[in-house]
$ cat final37.txt   # compact mmCIF, C-alpha atoms
# COMPACT_ATOMS: atom_id res chain seq x y z
CA MET A 1 -0.52 30.10 -7.18
CA ASN A 2 2.16 27.73 -8.51
CA ARG A 3 3.36 27.08 -4.96
CA ILE A 4 -0.17 26.11 -3.88
CA ILE A 5 -0.51 23.71 -6.81
CA ILE A 6 2.85 22.09 -5.98
CA VAL A 7 1.82 21.63 -2.32
CA ILE A 8 -1.48 20.01 -3.35
CA LEU A 9 0.30 17.63 -5.73
CA CYS A 10 2.82 16.70 -3.02
CA LEU A 11 0.03 15.92 -0.57
CA ALA A 12 -1.76 13.77 -3.14
CA LEU A 13 1.41 11.81 -3.87
CA LEU A 14 2.10 11.45 -0.16
CA LEU A 15 -1.31 10.00 0.61
CA THR A 16 -0.91 7.55 -2.27
CA ALA A 17 2.50 6.49 -0.97
CA CYS A 18 1.09 5.97 2.53
CA SER A 19 -1.80 3.82 1.33
CA ARG A 20 -1.76 0.07 1.88
CA THR A 21 -3.43 -2.50 -0.29
CA ASP A 22 -4.36 -5.59 1.70
CA PRO A 23 -2.59 -8.54 -0.04
CA SER A 24 -5.27 -11.03 0.97
CA ASP A 25 -7.97 -8.95 -0.73
CA ASP A 26 -10.14 -9.49 2.35
CA ILE A 27 -10.53 -5.76 2.93
CA GLY A 28 -10.69 -4.66 -0.68
CA GLY A 29 -9.27 -1.17 -0.37
CA THR A 30 -6.39 0.99 0.66
CA LEU A 31 -5.38 3.34 3.43
CA PRO A 32 -5.83 6.23 4.09
CA VAL A 33 -9.32 5.30 5.16
CA LEU A 34 -10.96 8.27 3.46
CA THR A 35 -10.86 6.15 0.30
CA LEU A 36 -11.40 2.78 1.95
CA ASP A 37 -14.63 0.79 1.91
CA LEU A 38 -14.47 -1.17 5.15
CA ARG A 39 -17.72 -3.06 4.63
CA GLN A 40 -17.01 -6.73 4.86
CA THR A 41 -18.78 -9.97 5.73
CA THR A 42 -17.38 -13.19 7.06
CA PRO A 43 -17.91 -16.53 5.26
CA GLY A 44 -21.21 -18.22 6.02
CA ASN A 45 -22.98 -15.04 7.13
CA THR A 46 -25.71 -13.31 5.19
CA GLN A 47 -25.14 -9.60 4.78
CA GLY A 48 -27.69 -7.68 6.82
CA GLU A 49 -28.88 -10.78 8.71
CA GLU A 50 -29.90 -10.06 12.29
CA THR A 51 -30.20 -12.96 14.73
CA ASP A 52 -30.21 -12.33 18.46
CA ALA A 53 -28.44 -14.73 20.76
CA PRO A 54 -30.53 -16.13 23.64
CA GLY A 55 -29.95 -14.28 26.89
CA THR A 56 -30.72 -11.21 28.99
CA GLU A 57 -30.81 -7.83 27.32
CA PHE A 58 -28.60 -5.08 28.77
CA THR A 59 -30.14 -2.54 31.09
CA GLU A 60 -29.99 1.09 29.99
CA GLU A 61 -27.18 1.70 32.48
CA GLU A 62 -25.16 -1.27 31.18
CA LEU A 63 -25.62 -0.11 27.60
CA ASN A 64 -24.49 3.41 28.52
CA ARG A 65 -21.35 2.06 30.18
CA LEU A 66 -20.58 -0.01 27.09
CA ASN A 67 -20.98 3.05 24.89
CA GLY A 68 -18.62 4.91 27.18
CA PHE A 69 -16.05 2.19 26.49
CA LEU A 70 -16.58 2.55 22.73
CA ASN A 71 -16.57 6.35 22.80
CA TRP A 72 -14.19 7.61 20.09
CA HIS A 73 -13.47 10.80 22.04
CA PHE A 74 -12.51 8.85 25.16
CA ASN A 75 -10.43 6.09 23.56
CA ARG A 76 -9.31 6.08 19.94
CA ILE A 77 -8.33 2.39 19.93
CA ALA A 78 -11.21 0.39 21.45
CA CYS A 79 -13.82 1.25 18.81
CA MET A 80 -11.30 0.52 16.04
CA PHE A 81 -11.71 -3.20 16.71
CA LEU A 82 -15.04 -2.86 14.87
CA THR A 83 -13.44 -1.71 11.59
CA CYS A 84 -13.27 -5.19 10.03
CA SER A 85 -15.02 -8.55 10.18
CA TYR A 86 -13.39 -11.51 11.91
CA GLU A 87 -14.41 -14.78 13.52
CA ARG A 88 -11.53 -14.81 15.99
CA PRO A 89 -8.98 -12.24 17.20
CA GLU A 90 -6.15 -13.72 15.12
CA GLU A 91 -8.00 -12.62 11.96
CA ILE A 92 -8.20 -8.92 12.92
CA ASP A 93 -6.65 -6.41 10.50
CA PHE A 94 -4.45 -4.61 13.02
CA ASP A 95 -3.37 -2.04 10.42
CA LEU A 96 -6.92 -0.70 10.54
CA VAL A 97 -7.08 -0.91 14.33
CA PHE A 98 -3.95 1.22 14.71
CA TYR A 99 -4.58 3.58 11.82
CA ASN A 100 -4.99 6.44 14.31
CA GLY A 101 -1.82 5.61 16.20
CA THR A 102 -2.03 4.54 19.84
CA SER A 103 -3.18 7.76 21.46
CA SER A 104 -6.39 7.94 23.47
CA SER A 105 -6.65 11.67 22.83
CA ALA A 106 -7.50 13.63 19.70
CA THR A 107 -3.89 13.68 18.48
CA SER A 108 -1.24 11.06 17.86
CA GLU A 109 1.48 10.41 20.43
CA PRO A 110 3.84 13.42 20.53
CA VAL A 111 7.12 12.94 18.66
CA PRO A 112 10.12 15.16 19.59
CA ASP A 113 11.64 17.23 16.77
CA ALA A 114 14.93 15.31 16.83
CA GLU A 115 13.06 12.03 16.47
CA LYS A 116 10.91 13.45 13.67
CA GLU A 117 14.01 14.40 11.73
CA ALA A 118 15.66 11.01 12.25
CA VAL A 119 12.51 9.13 11.27
CA ALA A 120 11.89 11.34 8.22
CA LYS A 121 15.44 10.67 7.07
CA ALA A 122 15.10 6.92 7.64
CA LEU A 123 11.84 6.83 5.68
CA GLY A 124 12.91 9.27 2.98
CA GLN A 125 10.29 11.84 3.98
CA GLU A 126 12.54 14.84 4.66
CA GLU A 127 10.72 17.07 2.16
CA VAL A 128 7.33 16.22 3.66
CA LEU A 129 8.58 17.01 7.16
CA ALA A 130 10.05 20.31 5.96
CA MET A 131 6.66 21.37 4.57
CA GLY A 132 5.24 21.10 8.10
CA LEU A 133 1.76 20.24 6.84
CA ILE A 134 1.51 16.56 7.75
CA ALA A 135 1.41 15.10 11.26
CA VAL A 136 3.85 12.36 12.24
CA GLN A 137 2.06 9.40 13.81
CA LYS A 138 4.03 7.12 16.10
CA ARG A 139 3.08 3.61 17.23
CA PRO A 140 5.63 2.14 19.70
CA ARG A 141 5.86 -1.60 19.08
CA THR A 142 5.63 -2.51 22.78
CA ARG A 143 2.54 -0.33 23.18
CA VAL A 144 0.92 -1.94 20.13
CA GLU A 145 1.52 -5.41 21.56
CA GLU A 146 0.19 -4.34 24.96
CA LEU A 147 -3.03 -3.00 23.43
CA ILE A 148 -3.50 -6.13 21.33
CA ARG A 149 -3.27 -8.27 24.48
CA THR A 150 -5.60 -5.96 26.40
CA TYR A 151 -8.36 -5.87 23.79
CA THR A 152 -8.15 -9.43 22.43
CA GLY A 153 -6.80 -11.61 25.24
CA LEU A 154 -4.18 -13.06 22.88
CA PRO A 155 -1.09 -14.35 24.72
CA ALA A 156 2.09 -12.26 24.76
CA GLU A 157 3.95 -14.62 22.43
CA THR A 158 1.19 -14.35 19.82
CA ALA A 159 0.99 -10.57 20.06
CA ALA A 160 4.77 -10.36 19.64
CA GLN A 161 4.50 -12.12 16.28
CA ILE A 162 1.99 -9.62 14.86
CA ARG A 163 3.55 -7.07 12.53
CA LEU A 164 1.94 -3.93 11.17
CA SER A 165 2.65 -2.96 7.57
CA TYR A 166 3.43 0.65 8.52
CA PRO A 167 7.09 1.75 8.17
CA PHE A 168 9.13 0.56 11.15
CA VAL A 169 12.21 2.37 12.48
CA GLU A 170 14.45 0.05 14.49
CA GLU A 171 16.22 2.85 16.35
CA TYR A 172 13.01 3.91 18.08
CA ASP A 173 11.31 0.48 18.00
CA ALA A 174 8.17 2.04 16.57
CA TYR A 175 5.93 2.24 13.52
CA TYR A 176 5.47 5.63 11.84
CA THR A 177 3.32 7.26 9.19
CA PHE A 178 3.25 10.71 7.63
CA PHE A 179 -0.38 11.50 6.96
CA GLN A 180 -3.14 13.53 8.53
CA ASP A 181 -5.36 11.77 11.06
CA ALA A 182 -9.00 11.12 10.19
CA GLU A 183 -12.08 9.58 11.78
CA VAL A 184 -12.46 5.95 10.81
CA ILE A 185 -15.42 4.86 12.88
CA TYR A 186 -17.82 6.33 15.40
CA ALA A 187 -19.44 3.25 16.91
CA LYS A 188 -22.51 3.16 19.15
CA ALA A 189 -24.00 0.04 20.73
CA VAL A 190 -27.74 0.06 20.00
CA LYS A 191 -28.57 -3.29 21.60
CA ALA A 192 -26.64 -5.82 23.67
CA ILE A 193 -27.54 -9.21 25.10
CA TRP A 194 -25.77 -11.20 27.80
CA MET A 195 -25.05 -14.66 26.37
CA ASP A 196 -24.25 -16.34 29.72
CA GLU A 197 -25.59 -16.34 33.26
CA GLU A 198 -22.37 -14.84 34.62
CA HIS A 199 -22.81 -11.75 32.41
CA THR A 200 -19.30 -11.97 30.96
CA LEU A 201 -20.02 -12.67 27.28
CA ALA A 202 -22.25 -10.40 25.22
CA GLN A 203 -23.63 -10.04 21.72
CA VAL A 204 -23.47 -6.37 20.74
CA ARG A 205 -25.36 -4.72 17.89
CA TRP A 206 -23.62 -1.51 16.84
CA THR A 207 -23.90 1.23 14.25
CA ASP A 208 -21.29 3.58 12.79
CA ARG A 209 -22.55 7.03 11.85
CA VAL A 210 -19.33 7.98 10.02
CA ARG A 211 -19.71 5.36 7.29
CA ASP A 212 -23.36 4.40 7.77
CA ARG A 213 -22.44 0.87 8.80
CA ALA A 214 -23.88 -1.67 11.19
CA GLY A 215 -22.61 -4.90 12.64
CA THR A 216 -22.72 -7.48 15.41
CA ALA A 217 -19.81 -8.20 17.73
CA VAL A 218 -19.23 -10.75 20.45
CA MET A 219 -17.41 -9.15 23.38
CA GLU A 220 -16.08 -10.45 26.70
CA LYS A 221 -16.34 -8.38 29.89
CA THR A 222 -13.14 -8.09 31.92
CA GLU A 223 -12.09 -6.18 35.03
CA GLU A 224 -10.37 -3.58 32.83
CA GLY A 225 -13.15 -3.22 30.26
CA TRP A 226 -13.99 -5.41 27.27
CA ARG A 227 -12.26 -7.81 24.90
CA PHE A 228 -13.27 -8.35 21.28
CA VAL A 229 -13.97 -11.97 20.37
CA SER A 230 -15.54 -11.61 16.92
CA ASN A 231 -17.19 -9.02 14.70
CA ARG A 232 -19.43 -9.13 11.64
CA ILE A 233 -20.05 -6.05 9.52
CA GLU A 234 -23.54 -6.52 8.10
CA ARG A 235 -23.89 -3.46 5.86

$ encode --input "final37.txt" --output "structure tokens"
Amino acid sequence: MNRIIIVILCLALLLTACSRTDPSDDIGGTLPVLTLDLRQTTPGNTQGEETDAPGTEFTEEELNRLNGFLNWHFNRIACMFLTCSYERPEEIDFDLVFYNGTSSSATSEPVPDAEKEAVAKALGQEEVLAMGLIAVQKRPRTRVEELIRTYTGLPAETAAQIRLSYPFVEEYDAYYTFFQDAEVIYAKAVKAIWMDEEHTLAQVRWTDRVRDRAGTAVMEKTEEGWRFVSNRIER
């Protein structure tokens, strides 16, 4: 019984140590996201306000394809760009976007045992690693920058200047965390409107069944998928 209590206390302390308070107070919470209220509005917007942009509404097929792009089971990263409000890509909280690592599957990118040991030593998490209860999440810096460019259209030089607040290990050029993965958002587009005649820019109404949220995003269609231009969480 005492061993179980000690393990529970260690896990609680670990999750506290891994949490991140946003210094700008724009998010108003901490990671891990199980304790984080991600609801946020941008200046000048009324919470819960719904105003459709002029344009052509998506067909059912177009809406289904968009939802395939946002499918959490298919791609863990794309839908994460709806976890915070922003008026332009430079304002995105990339710590939230990459909370689940960079994997597109249900688990974080595999980390070899030798690397786990080296990273745990560098971060002072040897005891946590020895317990074998917490997953090691890896976010290679180059992969993070590549995904930022893909989903925002920001130039390479701008993406290279973005730094996550997760612990960084120079030897492996990657960000790491020692906490269990969790669902952050499960977004579904409920309505979308083309804002231009070329059908490249769209206003997307979405809901999140995990946290009972809703919002409106502006997204740009590309050959590879979609880019996120702005997002407003309305409730």

$ closest_atom_pairs --input "final37.txt" --of "range 56-103 of chain A" --to "range 142-155 of chain A" --cutoff "8 Å" --atoms "only C-alpha atoms" --output "JSON lines"
{"residue": "A:Ala78", "atom": "CA", "partner": "A:Tyr151", "partner_atom": "CA", "distance": 7.3}
{"residue": "A:Pro89", "atom": "CA", "partner": "A:Thr152", "partner_atom": "CA", "distance": 6.0}
{"residue": "A:Phe98", "atom": "CA", "partner": "A:Val144", "partner_atom": "CA", "distance": 7.9}
{"residue": "A:Thr102", "atom": "CA", "partner": "A:Val144", "partner_atom": "CA", "distance": 7.1}

$ residues_around --input "final37.txt" --residues "range 164-181 of chain A" --least-positions-apart "3" --cutoff "6 Å" --atoms "all atoms listed in the file" --output "ChimeraX atom specification"
/A:95,134-141

$ write_last_selection --input "final37.txt" --atoms "C-alpha atoms" --output "tab-separated table (two decimals), keeping the file's coordinate frame"
chain	number	residue	atom	x	y	z
A	95	ASP	CA	-3.37	-2.04	10.42
A	134	ILE	CA	1.51	16.56	7.75
A	135	ALA	CA	1.41	15.10	11.26
A	136	VAL	CA	3.85	12.36	12.24
A	137	GLN	CA	2.06	9.40	13.81
A	138	LYS	CA	4.03	7.12	16.10
A	139	ARG	CA	3.08	3.61	17.23
A	140	PRO	CA	5.63	2.14	19.70
A	141	ARG	CA	5.86	-1.60	19.08

$ atom_distance --input "final37.txt" --atom1 "CA of Ala122 in chain A" --atom2 "CA of Pro110 in chain A"
18.3 Å

$ atom_distance --input "final37.txt" --atom1 "CA of Asp208 in chain A" --atom2 "CA of Arg235 in chain A"
10.2 Å

$ atom_distance --input "final37.txt" --atom1 "CA of Arg209 in chain A" --atom2 "CA of Glu224 in chain A"
26.5 Å

$ residues_around --input "final37.txt" --residues "range 58-73 of chain A" --least-positions-apart "6" --cutoff "10 Å" --atoms "all atoms listed in the file" --output "list in words"
Cys79, Met80, Phe81, Leu82, Ser104, Ser105, Ala106, Glu183, Val184, Ile185, Tyr186, Ala187, Lys188, Ala189, Val190, Lys191, Ala192, Ile193, Trp194, His199, Ala202, Gln203, Val204, Trp206, Lys221, Gly225 and Trp226 of chain A

$ closest_residue --input "final37.txt" --among "A:Ser85, A:Thr51, A:Glu90, A:Thr222" --to "Gln161 in chain A" --atoms "all atoms listed in the file"
A:Glu90

$ residues_around --input "final37.txt" --residues "Ala114 in chain A" --least-positions-apart "5" --cutoff "12 Å" --atoms "all atoms listed in the file" --output "PyMOL selection string"
chain A and resi 119-121+129+172
